[in-house]
>>> print(open('start.cif').read())   # mmCIF, C-alpha atoms
data_start
#
loop_
_atom_site.label_atom_id
_atom_site.label_comp_id
_atom_site.auth_asym_id
_atom_site.auth_seq_id
_atom_site.Cartn_x
_atom_site.Cartn_y
_atom_site.Cartn_z
CA MET L 1 76.78 132.42 121.65
CA ILE L 2 77.57 134.80 118.75
CA THR L 3 81.09 136.04 118.12
CA ARG L 4 81.29 139.14 115.90
CA LEU L 5 84.36 139.79 113.79
CA VAL L 6 85.04 143.28 112.38
CA ARG L 7 87.46 143.76 109.49
CA GLY L 8 87.74 146.68 107.05
CA GLY L 9 84.58 148.24 108.46
CA LEU L 10 82.46 145.24 107.60
CA ALA L 11 80.90 143.06 110.28
CA ALA L 12 80.71 139.33 109.90
CA ALA L 13 78.98 136.97 112.24
CA LEU L 14 80.39 133.59 113.09
CA ALA L 15 77.98 131.31 114.88
CA VAL L 16 79.59 129.01 117.40
CA THR L 17 77.59 126.13 118.82
CA THR L 18 77.95 125.76 122.58
CA LEU L 19 78.01 122.18 123.87
CA THR L 20 76.69 121.57 127.36
CA VAL L 21 78.46 118.38 128.31
CA ALA L 22 76.30 117.69 131.31
CA ALA L 23 73.07 117.85 129.33
CA ALA L 24 73.91 116.58 125.87
CA THR L 25 75.77 113.75 124.23
CA VAL L 26 78.77 114.92 122.27
CA ALA L 27 79.10 113.09 118.94
CA THR L 28 82.56 111.79 118.06
CA ALA L 29 83.87 110.81 114.68
CA ALA L 30 84.21 107.15 113.88
CA PRO L 31 87.81 105.94 114.16
CA THR L 32 89.68 105.70 110.88
CA ALA L 33 90.56 102.16 109.94
CA VAL L 34 94.30 101.55 109.75
CA ALA L 35 95.47 98.81 107.41
CA ALA L 36 97.57 96.18 109.11
CA THR L 37 101.17 96.01 107.99
CA VAL L 38 101.85 92.83 106.05
CA SER L 39 104.41 90.59 107.73
CA GLY L 40 107.24 89.97 105.27
CA PRO L 41 108.26 91.67 102.02
CA ASN L 42 105.41 93.37 100.18
CA VAL L 43 105.20 95.61 97.10
CA THR L 44 102.26 97.95 96.57
CA VAL L 45 101.70 99.59 93.16
CA THR L 46 99.60 102.71 92.51
CA GLN L 47 99.07 105.16 89.66
CA ALA L 48 97.97 108.81 89.41
CA GLY L 49 98.64 111.95 87.42
CA ASN L 50 97.88 113.74 84.18
CA TYR L 51 95.83 111.29 82.16
CA PRO L 52 95.00 112.34 78.58
CA ILE L 53 91.71 114.23 78.29
CA PHE L 54 90.57 115.33 74.84
CA PRO L 55 91.82 117.56 73.25
CA VAL L 56 94.99 117.28 75.40
CA ASP L 57 97.13 114.85 73.44
CA ASN L 58 100.59 114.35 74.95
CA THR L 59 100.85 114.01 78.71
CA ASN L 60 102.03 111.60 81.39
CA PHE L 61 100.93 109.79 84.51
CA GLY L 62 102.91 108.41 87.42
CA VAL L 63 103.40 104.82 88.56
CA THR L 64 104.65 104.35 92.12
CA TRP L 65 105.74 101.11 93.74
CA LYS L 66 106.47 100.97 97.45
CA SER L 67 107.87 98.52 99.99
CA THR L 68 104.97 98.24 102.44
CA GLY L 69 105.75 95.08 104.41
CA THR L 70 107.87 94.52 107.51
CA THR L 71 111.03 93.35 105.74
CA ASP L 72 113.09 94.46 102.74
CA VAL L 73 111.94 93.89 99.18
CA THR L 74 114.95 92.57 97.27
CA GLY L 75 115.90 91.46 93.79
CA VAL L 76 113.80 91.96 90.68
CA THR L 77 110.50 93.83 90.69
CA ARG L 78 108.82 93.74 87.30
CA LEU L 79 106.25 96.35 86.30
CA THR L 80 103.83 96.32 83.39
CA VAL L 81 101.63 99.07 81.97
CA ASP L 82 98.87 98.14 79.51
CA LEU L 83 97.08 100.95 77.64
CA PRO L 84 93.63 100.80 76.02
CA PRO L 85 93.16 101.21 72.23
CA GLY L 86 93.99 104.74 71.06
CA LEU L 87 96.72 105.36 73.63
CA THR L 88 100.41 104.70 73.09
CA THR L 89 103.61 105.27 75.04
CA THR L 90 107.21 105.89 74.06
CA GLY L 91 108.46 104.80 77.48
CA ALA L 92 108.87 106.04 81.03
CA LEU L 93 111.17 108.46 82.84
CA MET L 94 112.57 107.16 86.11
CA TYR L 95 112.51 109.44 89.16
CA SER L 96 114.35 107.87 92.08
CA THR L 97 117.56 108.73 93.92
CA PRO L 98 120.09 107.67 95.05
CA TYR L 99 120.94 105.47 92.07
CA ASP L 100 121.27 102.27 94.02
CA TYR L 101 119.28 100.19 91.54
CA THR L 102 119.14 99.14 87.90
CA PHE L 103 116.19 99.92 85.65
CA THR L 104 115.45 98.74 82.12
CA GLN L 105 112.33 99.01 80.02
CA THR L 106 110.88 97.84 76.73
CA VAL L 107 107.85 99.04 74.76
CA SER L 108 105.80 96.77 72.52
CA PRO L 109 105.83 97.48 68.76
CA ASP L 110 102.28 98.89 68.92
CA GLY L 111 103.21 101.19 71.80
CA ARG L 112 100.44 99.93 74.06
CA ARG L 113 102.51 97.89 76.53
CA LEU L 114 105.43 98.92 78.71
CA GLU L 115 107.50 96.36 80.61
CA ALA L 116 110.07 97.55 83.16
CA VAL L 117 112.55 95.59 85.26
CA PHE L 118 113.67 97.25 88.50
CA THR L 119 116.41 95.58 90.54
CA GLY L 120 117.36 96.78 94.00
CA THR L 121 116.77 96.46 97.73
CA ARG L 122 114.00 98.52 99.30
CA ALA L 123 113.55 98.81 103.06
CA PRO L 124 109.99 99.16 104.39
CA GLY L 125 108.64 102.58 103.50
CA ARG L 126 110.95 103.14 100.51
CA SER L 127 109.20 103.92 97.22
CA ASP L 128 110.13 104.52 93.59
CA PHE L 129 108.39 106.45 90.84
CA MET L 130 108.29 106.65 87.06
CA LYS L 131 106.38 108.88 84.66
CA VAL L 132 104.80 107.11 81.71
CA GLN L 133 104.62 109.30 78.62
CA VAL L 134 101.36 108.80 76.68
CA SER L 135 99.70 110.13 73.54
CA SER L 136 96.08 109.87 72.38
CA HIS L 137 96.86 110.96 68.80
CA GLY L 138 94.10 113.55 68.67
CA THR L 139 91.37 111.10 69.66
CA ARG L 140 89.08 110.94 72.68
CA PRO L 141 90.59 108.05 74.66
CA SER L 142 88.52 105.55 76.64
CA GLY L 143 89.13 102.29 78.44
CA VAL L 144 91.25 101.07 81.34
CA ILE L 145 94.94 101.61 82.05
CA THR L 146 96.23 98.58 83.97
CA VAL L 147 99.47 98.61 85.96
CA THR L 148 100.97 95.57 87.70
CA ALA L 149 103.96 94.81 89.91
CA ALA L 150 105.51 91.42 90.65
CA ASN L 151 108.34 90.32 92.96
CA LYS L 152 109.29 86.73 93.79
CA ASP L 153 109.10 87.23 97.56
CA ASP L 154 105.95 89.39 97.68
CA VAL L 155 103.58 87.94 100.28
CA ASP L 156 100.43 89.97 99.49
CA PRO L 157 99.12 89.99 95.89
CA SER L 158 96.03 92.07 96.74
CA ASP L 159 97.86 95.36 96.08
CA ASN L 160 99.78 94.36 92.94
CA VAL L 161 97.29 95.57 90.32
CA SER L 162 96.09 99.15 89.77
CA ARG L 163 93.32 99.96 87.26
CA TYR L 164 92.30 103.44 86.09
CA LEU L 165 89.19 103.96 83.92
CA LEU L 166 89.70 107.03 81.75
CA GLY L 167 87.05 109.63 82.44
CA SER L 168 86.02 107.94 85.67
CA GLY L 169 88.93 107.22 88.02
CA LEU L 170 90.63 104.45 89.92
CA GLN L 171 88.73 101.16 89.98
CA ALA L 172 88.24 98.73 92.84
CA PRO L 173 91.33 96.65 93.56
CA VAL L 174 91.51 93.10 92.21
CA THR L 175 93.61 90.21 93.45
CA PRO L 176 95.17 88.26 90.55
CA ALA L 177 95.10 84.49 90.52
CA ALA L 178 98.13 82.65 91.85
CA PRO L 179 100.23 80.95 89.14
CA ALA L 180 100.54 77.17 88.80
CA VAL L 181 103.37 75.66 86.75
CA THR L 182 103.18 72.19 85.23
CA ALA L 183 106.21 71.88 82.93
CA LEU L 184 109.44 73.40 81.62
CA ALA L 185 110.95 72.34 78.31
CA PRO L 186 113.71 71.96 77.41
CA SER L 187 115.46 71.76 80.75
CA THR L 188 119.03 72.01 79.42
CA GLY L 189 120.96 74.45 77.27
CA PRO L 190 124.41 75.96 76.65
CA ALA L 191 126.11 78.12 79.29
CA VAL L 192 126.13 81.12 76.93
CA GLY L 193 122.34 81.23 77.15
CA GLY L 194 119.95 81.78 74.27
CA THR L 195 117.86 78.60 74.62
CA ALA L 196 114.15 79.10 73.91
CA VAL L 197 112.29 77.64 76.90
CA THR L 198 108.55 77.10 77.26
CA ILE L 199 106.93 77.10 80.70
CA THR L 200 103.34 75.88 80.85
CA GLY L 201 100.68 76.17 83.52
CA THR L 202 97.80 78.47 84.48
CA GLY L 203 97.54 82.00 85.81
CA LEU L 204 100.76 83.04 84.04
CA THR L 205 99.53 86.39 82.63
CA ASN L 206 101.99 89.26 83.19
CA GLY L 207 104.53 86.76 84.45
CA PHE L 208 108.30 86.55 84.05
CA ALA L 209 110.84 83.79 84.65
CA LEU L 210 113.85 83.85 86.94
CA PHE L 211 116.72 81.47 86.18
CA GLY L 212 118.26 81.50 89.62
CA ASN L 213 118.07 85.23 90.33
CA THR L 214 118.45 86.36 86.72
CA PRO L 215 115.34 87.42 84.79
CA ALA L 216 114.77 85.92 81.34
CA SER L 217 113.36 87.91 78.45
CA GLY L 218 110.13 86.63 76.91
CA SER L 219 106.36 86.88 77.11
CA CYS L 220 103.48 85.06 78.76
CA THR L 221 99.87 84.19 78.06
CA ASP L 222 97.66 82.77 80.79
CA THR L 223 98.80 79.21 80.03
CA ALA L 224 102.35 79.49 78.64
CA CYS L 225 105.51 81.58 78.81
CA VAL L 226 108.12 81.47 76.07
CA VAL L 227 111.40 82.87 77.37
CA THR L 228 115.07 82.95 76.43
CA ALA L 229 117.41 81.41 78.99
CA PRO L 230 120.09 83.85 80.19
CA ALA L 231 123.72 82.81 80.48
CA GLY L 232 124.59 80.69 83.51
CA SER L 233 126.30 77.63 84.89
CA GLY L 234 125.41 74.46 86.73
CA THR L 235 121.78 73.70 87.53
CA VAL L 236 119.60 76.63 88.64
CA PRO L 237 116.02 76.72 89.90
CA VAL L 238 113.49 78.37 87.59
CA THR L 239 110.71 80.43 89.15
CA LEU L 240 107.71 81.87 87.34
CA VAL L 241 106.70 85.16 88.99
CA THR L 242 103.40 86.97 88.40
CA PRO L 243 101.48 89.73 90.21
CA GLY L 244 99.53 86.88 91.83
CA GLY L 245 102.55 85.12 93.34
CA SER L 246 105.35 82.80 92.29
CA ALA L 247 105.71 79.12 91.45
CA ALA L 248 108.76 76.95 90.89
CA THR L 249 109.00 74.77 87.80
CA PRO L 250 109.03 70.98 88.40
CA THR L 251 112.68 70.82 87.34
CA GLY L 252 115.48 73.33 87.22
CA PHE L 253 117.50 74.32 84.18
CA THR L 254 120.90 72.73 83.62
CA TYR L 255 123.60 74.59 81.71
CA THR L 256 125.91 72.46 79.60
CA PRO L 257 129.53 73.39 78.71
#
>>> encode(input="start.cif", output="structure tokens")
Amino acid sequence: MITRLVRGGLAAALAVTTLTVAAATVATAAPTAVAATVSGPNVTVTQAGNYPIFPVDNTNFGVTWKSTGTTDVTGVTRLTVDLPPGLTTTGALMYSTPYDYTFTQTVSPDGRRLEAVFTGTRAPGRSDFMKVQVSSHGTRPSGVITVTAANKDDVDPSDNVSRYLLGSGLQAPVTPAAPAVTALAPSTGPAVGGTAVTITGTGLTNGFALFGNTPASGSCTDTACVVTAPAGSGTVPVTLVTPGGSAATPTGFTYTP
């Protein structure tokens, strides 16, 4: 059957295929797979936006983290952004309202690493967004931008790492290794905080320590984290949190008067 359309004096033909149901099999599209909702609190991190393409020098890309489980995500969610050689950042701009959260960030001296601490409660479906400002300094950038998210109660680490290869696109997802903690030393310090504490183990990359529910400043390699105990009182549990999960230290930390 041919349907003819006339517009502005010009004729156009639109061919329409007639299906005879009784005599032919009608093809149907394959059903779209729907990811199962994770039972419990879950954070998913993604990235997208205006990545630097030579000769464009100063631009930004977005990092989004979303509560995608069946229960609220609460407490501290820590985000990291690692840039390849040639790219630097001066920090991120936060885009999320209402202001029912706290947000702090630090940038490494070489400008290639951003660490952000987001504290708030997010019901399933709620998301937050920041724009990371980047510069390629007049060069043609290459390499991978890696973004991670970590929350103590997150039950699914498979969506906690996002990798973008400049000039190519998003890479296949990777599931980071779960952390294992073997020791904490020293295990005591003054109530005002400030004690340098070393946590050892494996799988600690991109981790952070919680003294009770308070995050400690510091840095981690794969086998050790050196952090500064925050102020506190009594004896508090210490938890090492990474994009791959969380692990409690063998002993807590005791604050002395």
>>> closest_residue(input="start.cif", among="L:Glu115, L:Asp82, L:Asp128, L:Asp72", to="Tyr99 (chain L)", atoms="all atoms listed in the file")
L:Asp128
>>> atom_distance(input="start.cif", atom1="CA of Ser246 (chain L)", atom2="CA of Thr89 (chain L)")
28.4 Å
>>> resolve_selection(input="start.cif", expression="the PyMOL selection byres ((chain L and resi 231-235) around 10)", output="number ranges by chain")
L: 187-195, 211-212, 214, 216, 228-230, 236-238, 251-257
>>> closest_residue(input="start.cif", among="L:Thr223, L:Thr59, L:Asn206, L:Thr97", to="Arg113 (chain L)", atoms="all atoms listed in the file")
L:Asn206
>>> closest_residue(input="start.cif", among="L:Thr88, L:Ser67, L:Asn50, L:Thr249", to="Thr37 (chain L)", atoms="only C-alpha atoms")
L:Ser67
>>> closest_residue(input="start.cif", among="L:Gly62, L:Pro55, L:Gly218, L:Gly111", to="Met94 (chain L)", atoms="all atoms listed in the file")
L:Gly62
>>> residues_around(input="start.cif", residues="region 139-147 of chain L", least_positions_apart="3", cutoff="6 Å", atoms="only C-alpha atoms", output="list in words")
Phe54, Thr80, Val81, Asp82, Leu83, Pro84, Gly86, Ser136, Val161, Ser162, Arg163, Tyr164, Leu165 and Leu166 of chain L
>>> resolve_selection(input="start.cif", expression="the PyMOL selection byres ((chain L and resi 178) around 6)", output="ChimeraX atom specification")
/L:177,179,244-245
>>> atom_distance(input="start.cif", atom1="CA of Val56 (chain L)", atom2="CA of Lys131 (chain L)")
16.9 Å
>>> residues_around(input="start.cif", residues="Ala183 (chain L)", least_positions_apart="6", cutoff="9 Å", atoms="only C-alpha atoms", output="list of chain:residue names")
L:Thr198, L:Ile199, L:Thr200, L:Gly201, L:Thr249, L:Pro250, L:Thr251
>>> atom_distance(input="start.cif", atom1="CA of Pro243 (chain L)", atom2="CA of Gln171 (chain L)")
17.1 Å
>>> residues_around(input="start.cif", residues="Thr46 (chain L)", least_positions_apart="4", cutoff="7 Å", atoms="only C-alpha atoms", output="ChimeraX atom specification")
/L:63-65,162
>>> write_last_selection(input="start.cif", atoms="C-alpha atoms", output="short mmCIF file (atom, residue, chain, number, x, y, z; two decimals), in the frame of the given file")
data_model
loop_
_atom_site.label_atom_id
_atom_site.label_comp_id
_atom_site.auth_asym_id
_atom_site.auth_seq_id
_atom_site.Cartn_x
_atom_site.Cartn_y
_atom_site.Cartn_z
CA VAL L 63 103.40 104.82 88.56
CA THR L 64 104.65 104.35 92.12
CA TRP L 65 105.74 101.11 93.74
CA SER L 162 96.09 99.15 89.77
#
>>> residues_around(input="start.cif", residues="Phe208 (chain L)", least_positions_apart="3", cutoff="10 Å", atoms="all atoms listed in the file", output="PDB file with C-alpha atoms, in the coordinates of the input")
ATOM      1  CA  ARG L  78     108.820  93.740  87.300  1.00  0.00           C
ATOM      2  CA  ALA L 150     105.510  91.420  90.650  1.00  0.00           C
ATOM      3  CA  ASN L 151     108.340  90.320  92.960  1.00  0.00           C
ATOM      4  CA  LYS L 152     109.290  86.730  93.790  1.00  0.00           C
ATOM      5  CA  LEU L 204     100.760  83.040  84.040  1.00  0.00           C
ATOM      6  CA  THR L 205      99.530  86.390  82.630  1.00  0.00           C
ATOM      7  CA  PRO L 215     115.340  87.420  84.790  1.00  0.00           C
ATOM      8  CA  ALA L 216     114.770  85.920  81.340  1.00  0.00           C
ATOM      9  CA  SER L 217     113.360  87.910  78.450  1.00  0.00           C
ATOM     10  CA  GLY L 218     110.130  86.630  76.910  1.00  0.00           C
ATOM     11  CA  SER L 219     106.360  86.880  77.110  1.00  0.00           C
ATOM     12  CA  CYS L 220     103.480  85.060  78.760  1.00  0.00           C
ATOM     13  CA  CYS L 225     105.510  81.580  78.810  1.00  0.00           C
ATOM     14  CA  VAL L 226     108.120  81.470  76.070  1.00  0.00           C
ATOM     15  CA  VAL L 227     111.400  82.870  77.370  1.00  0.00           C
ATOM     16  CA  THR L 239     110.710  80.430  89.150  1.00  0.00           C
ATOM     17  CA  LEU L 240     107.710  81.870  87.340  1.00  0.00           C
ATOM     18  CA  VAL L 241     106.700  85.160  88.990  1.00  0.00           C
ATOM     19  CA  THR L 242     103.400  86.970  88.400  1.00  0.00           C
ATOM     20  CA  PRO L 243     101.480  89.730  90.210  1.00  0.00           C
ATOM     21  CA  SER L 246     105.350  82.800  92.290  1.00  0.00           C
TER      22      SER L 246
END
>>> closest_residue(input="start.cif", among="L:Leu87, L:Leu210, L:Ala172, L:Ala247", to="Tyr51 (chain L)", atoms="all atoms listed in the file")
L:Leu87
>>> closest_residue(input="start.cif", among="L:Thr221, L:Asn213, L:Gln133, L:Ser127", to="Gly49 (chain L)", atoms="only C-alpha atoms")
L:Gln133
>>> decode(input="start.cif", residues="region 125-155 of chain L", atoms="N, CA, C and O atoms", output="mmCIF file, in the first residue's frame")
data_model
loop_
_atom_site.group_PDB
_atom_site.id
_atom_site.type_symbol
_atom_site.label_atom_id
_atom_site.label_comp_id
_atom_site.auth_asym_id
_atom_site.auth_seq_id
_atom_site.Cartn_x
_atom_site.Cartn_y
_atom_site.Cartn_z
ATOM 1 N N GLY L 125 16.386 6.781 44.934
ATOM 2 C CA GLY L 125 16.051 7.632 43.806
ATOM 3 C C GLY L 125 16.649 9.017 43.866
ATOM 4 O O GLY L 125 16.719 9.717 42.851
ATOM 5 N N ARG L 126 17.105 9.455 45.041
ATOM 6 C CA ARG L 126 17.684 10.794 45.191
ATOM 7 C C ARG L 126 19.117 10.790 44.678
ATOM 8 O O ARG L 126 19.895 9.868 44.942
ATOM 9 N N SER L 127 19.498 11.832 43.943
ATOM 10 C CA SER L 127 20.850 11.912 43.405
ATOM 11 C C SER L 127 21.441 13.291 43.649
ATOM 12 O O SER L 127 20.723 14.262 43.911
ATOM 13 N N ASP L 128 22.764 13.383 43.558
ATOM 14 C CA ASP L 128 23.493 14.628 43.728
ATOM 15 C C ASP L 128 24.529 14.739 42.614
ATOM 16 O O ASP L 128 24.931 13.739 42.010
ATOM 17 N N PHE L 129 24.989 15.976 42.383
ATOM 18 C CA PHE L 129 25.760 16.241 41.177
ATOM 19 C C PHE L 129 26.786 17.327 41.442
ATOM 20 O O PHE L 129 26.491 18.329 42.096
ATOM 21 N N MET L 130 28.015 17.130 40.954
ATOM 22 C CA MET L 130 29.018 18.174 41.008
ATOM 23 C C MET L 130 29.727 18.267 39.667
ATOM 24 O O MET L 130 29.852 17.273 38.938
ATOM 25 N N LYS L 131 30.155 19.486 39.333
ATOM 26 C CA LYS L 131 30.931 19.710 38.117
ATOM 27 C C LYS L 131 32.394 19.880 38.484
ATOM 28 O O LYS L 131 32.744 20.743 39.277
ATOM 29 N N VAL L 132 33.234 19.050 37.879
ATOM 30 C CA VAL L 132 34.670 19.092 38.141
ATOM 31 C C VAL L 132 35.327 19.954 37.068
ATOM 32 O O VAL L 132 35.242 19.659 35.871
ATOM 33 N N GLN L 133 35.955 21.034 37.501
ATOM 34 C CA GLN L 133 36.627 21.943 36.579
ATOM 35 C C GLN L 133 37.997 21.356 36.210
ATOM 36 O O GLN L 133 38.767 20.977 37.090
ATOM 37 N N VAL L 134 38.312 21.280 34.910
ATOM 38 C CA VAL L 134 39.579 20.690 34.493
ATOM 39 C C VAL L 134 40.259 21.562 33.437
ATOM 40 O O VAL L 134 39.600 22.279 32.687
ATOM 41 N N SER L 135 41.576 21.460 33.397
ATOM 42 C CA SER L 135 42.381 22.161 32.397
ATOM 43 C C SER L 135 43.426 21.214 31.841
ATOM 44 O O SER L 135 44.009 20.409 32.572
ATOM 45 N N SER L 136 43.659 21.318 30.514
ATOM 46 C CA SER L 136 44.687 20.479 29.871
ATOM 47 C C SER L 136 45.939 21.273 29.546
ATOM 48 O O SER L 136 46.878 20.736 28.946
ATOM 49 N N HIS L 137 45.972 22.563 29.891
ATOM 50 C CA HIS L 137 47.158 23.403 29.771
ATOM 51 C C HIS L 137 47.717 23.433 28.353
ATOM 52 O O HIS L 137 48.936 23.405 28.145
ATOM 53 N N GLY L 138 46.823 23.464 27.376
ATOM 54 C CA GLY L 138 47.242 23.578 25.986
ATOM 55 C C GLY L 138 47.791 22.306 25.380
ATOM 56 O O GLY L 138 48.333 22.333 24.271
ATOM 57 N N THR L 139 47.663 21.183 26.072
ATOM 58 C CA THR L 139 48.176 19.921 25.552
ATOM 59 C C THR L 139 47.024 19.060 25.034
ATOM 60 O O THR L 139 45.857 19.374 25.234
ATOM 61 N N ARG L 140 47.362 17.972 24.377
ATOM 62 C CA ARG L 140 46.360 17.014 23.922
ATOM 63 C C ARG L 140 46.258 15.912 24.975
ATOM 64 O O ARG L 140 47.102 15.027 25.045
ATOM 65 N N PRO L 141 45.234 15.954 25.822
ATOM 66 C CA PRO L 141 45.185 15.011 26.944
ATOM 67 C C PRO L 141 44.875 13.588 26.499
ATOM 68 O O PRO L 141 44.218 13.353 25.479
ATOM 69 N N SER L 142 45.347 12.628 27.278
ATOM 70 C CA SER L 142 45.051 11.216 27.034
ATOM 71 C C SER L 142 45.079 10.495 28.374
ATOM 72 O O SER L 142 45.625 10.988 29.359
ATOM 73 N N GLY L 143 44.481 9.321 28.403
ATOM 74 C CA GLY L 143 44.455 8.547 29.635
ATOM 75 C C GLY L 143 43.054 8.414 30.179
ATOM 76 O O GLY L 143 42.065 8.790 29.541
ATOM 77 N N VAL L 144 42.956 7.883 31.396
ATOM 78 C CA VAL L 144 41.673 7.542 32.002
ATOM 79 C C VAL L 144 41.368 8.452 33.183
ATOM 80 O O VAL L 144 42.232 8.685 34.033
ATOM 81 N N ILE L 145 40.147 8.958 33.229
ATOM 82 C CA ILE L 145 39.632 9.662 34.400
ATOM 83 C C ILE L 145 38.866 8.641 35.229
ATOM 84 O O ILE L 145 37.930 8.007 34.737
ATOM 85 N N THR L 146 39.264 8.467 36.488
ATOM 86 C CA THR L 146 38.633 7.476 37.360
ATOM 87 C C THR L 146 37.906 8.169 38.494
ATOM 88 O O THR L 146 38.485 9.010 39.194
ATOM 89 N N VAL L 147 36.644 7.815 38.679
ATOM 90 C CA VAL L 147 35.811 8.376 39.735
ATOM 91 C C VAL L 147 35.337 7.235 40.628
ATOM 92 O O VAL L 147 34.945 6.175 40.126
ATOM 93 N N THR L 148 35.382 7.430 41.943
ATOM 94 C CA THR L 148 34.898 6.394 42.864
ATOM 95 C C THR L 148 33.956 7.001 43.899
ATOM 96 O O THR L 148 33.994 8.204 44.175
ATOM 97 N N ALA L 149 33.125 6.153 44.464
ATOM 98 C CA ALA L 149 32.258 6.524 45.582
ATOM 99 C C ALA L 149 32.329 5.429 46.631
ATOM 100 O O ALA L 149 32.447 4.240 46.292
ATOM 101 N N ALA L 150 32.267 5.816 47.902
ATOM 102 C CA ALA L 150 32.324 4.830 48.983
ATOM 103 C C ALA L 150 31.436 5.276 50.134
ATOM 104 O O ALA L 150 31.484 6.446 50.546
ATOM 105 N N ASN L 151 30.627 4.362 50.638
ATOM 106 C CA ASN L 151 29.772 4.597 51.804
ATOM 107 C C ASN L 151 29.802 3.348 52.671
ATOM 108 O O ASN L 151 29.759 2.226 52.139
ATOM 109 N N LYS L 152 29.860 3.514 53.981
ATOM 110 C CA LYS L 152 30.034 2.381 54.894
ATOM 111 C C LYS L 152 28.965 1.308 54.717
ATOM 112 O O LYS L 152 29.239 0.109 54.843
ATOM 113 N N ASP L 153 27.733 1.710 54.432
ATOM 114 C CA ASP L 153 26.629 0.753 54.383
ATOM 115 C C ASP L 153 26.305 0.253 52.976
ATOM 116 O O ASP L 153 25.361 -0.516 52.803
ATOM 117 N N ASP L 154 27.053 0.690 51.976
ATOM 118 C CA ASP L 154 26.790 0.302 50.592
ATOM 119 C C ASP L 154 26.898 -1.215 50.430
ATOM 120 O O ASP L 154 27.895 -1.815 50.823
ATOM 121 N N VAL L 155 25.865 -1.825 49.843
ATOM 122 C CA VAL L 155 25.838 -3.285 49.748
ATOM 123 C C VAL L 155 26.271 -3.805 48.378
ATOM 124 O O VAL L 155 26.404 -5.023 48.199
#
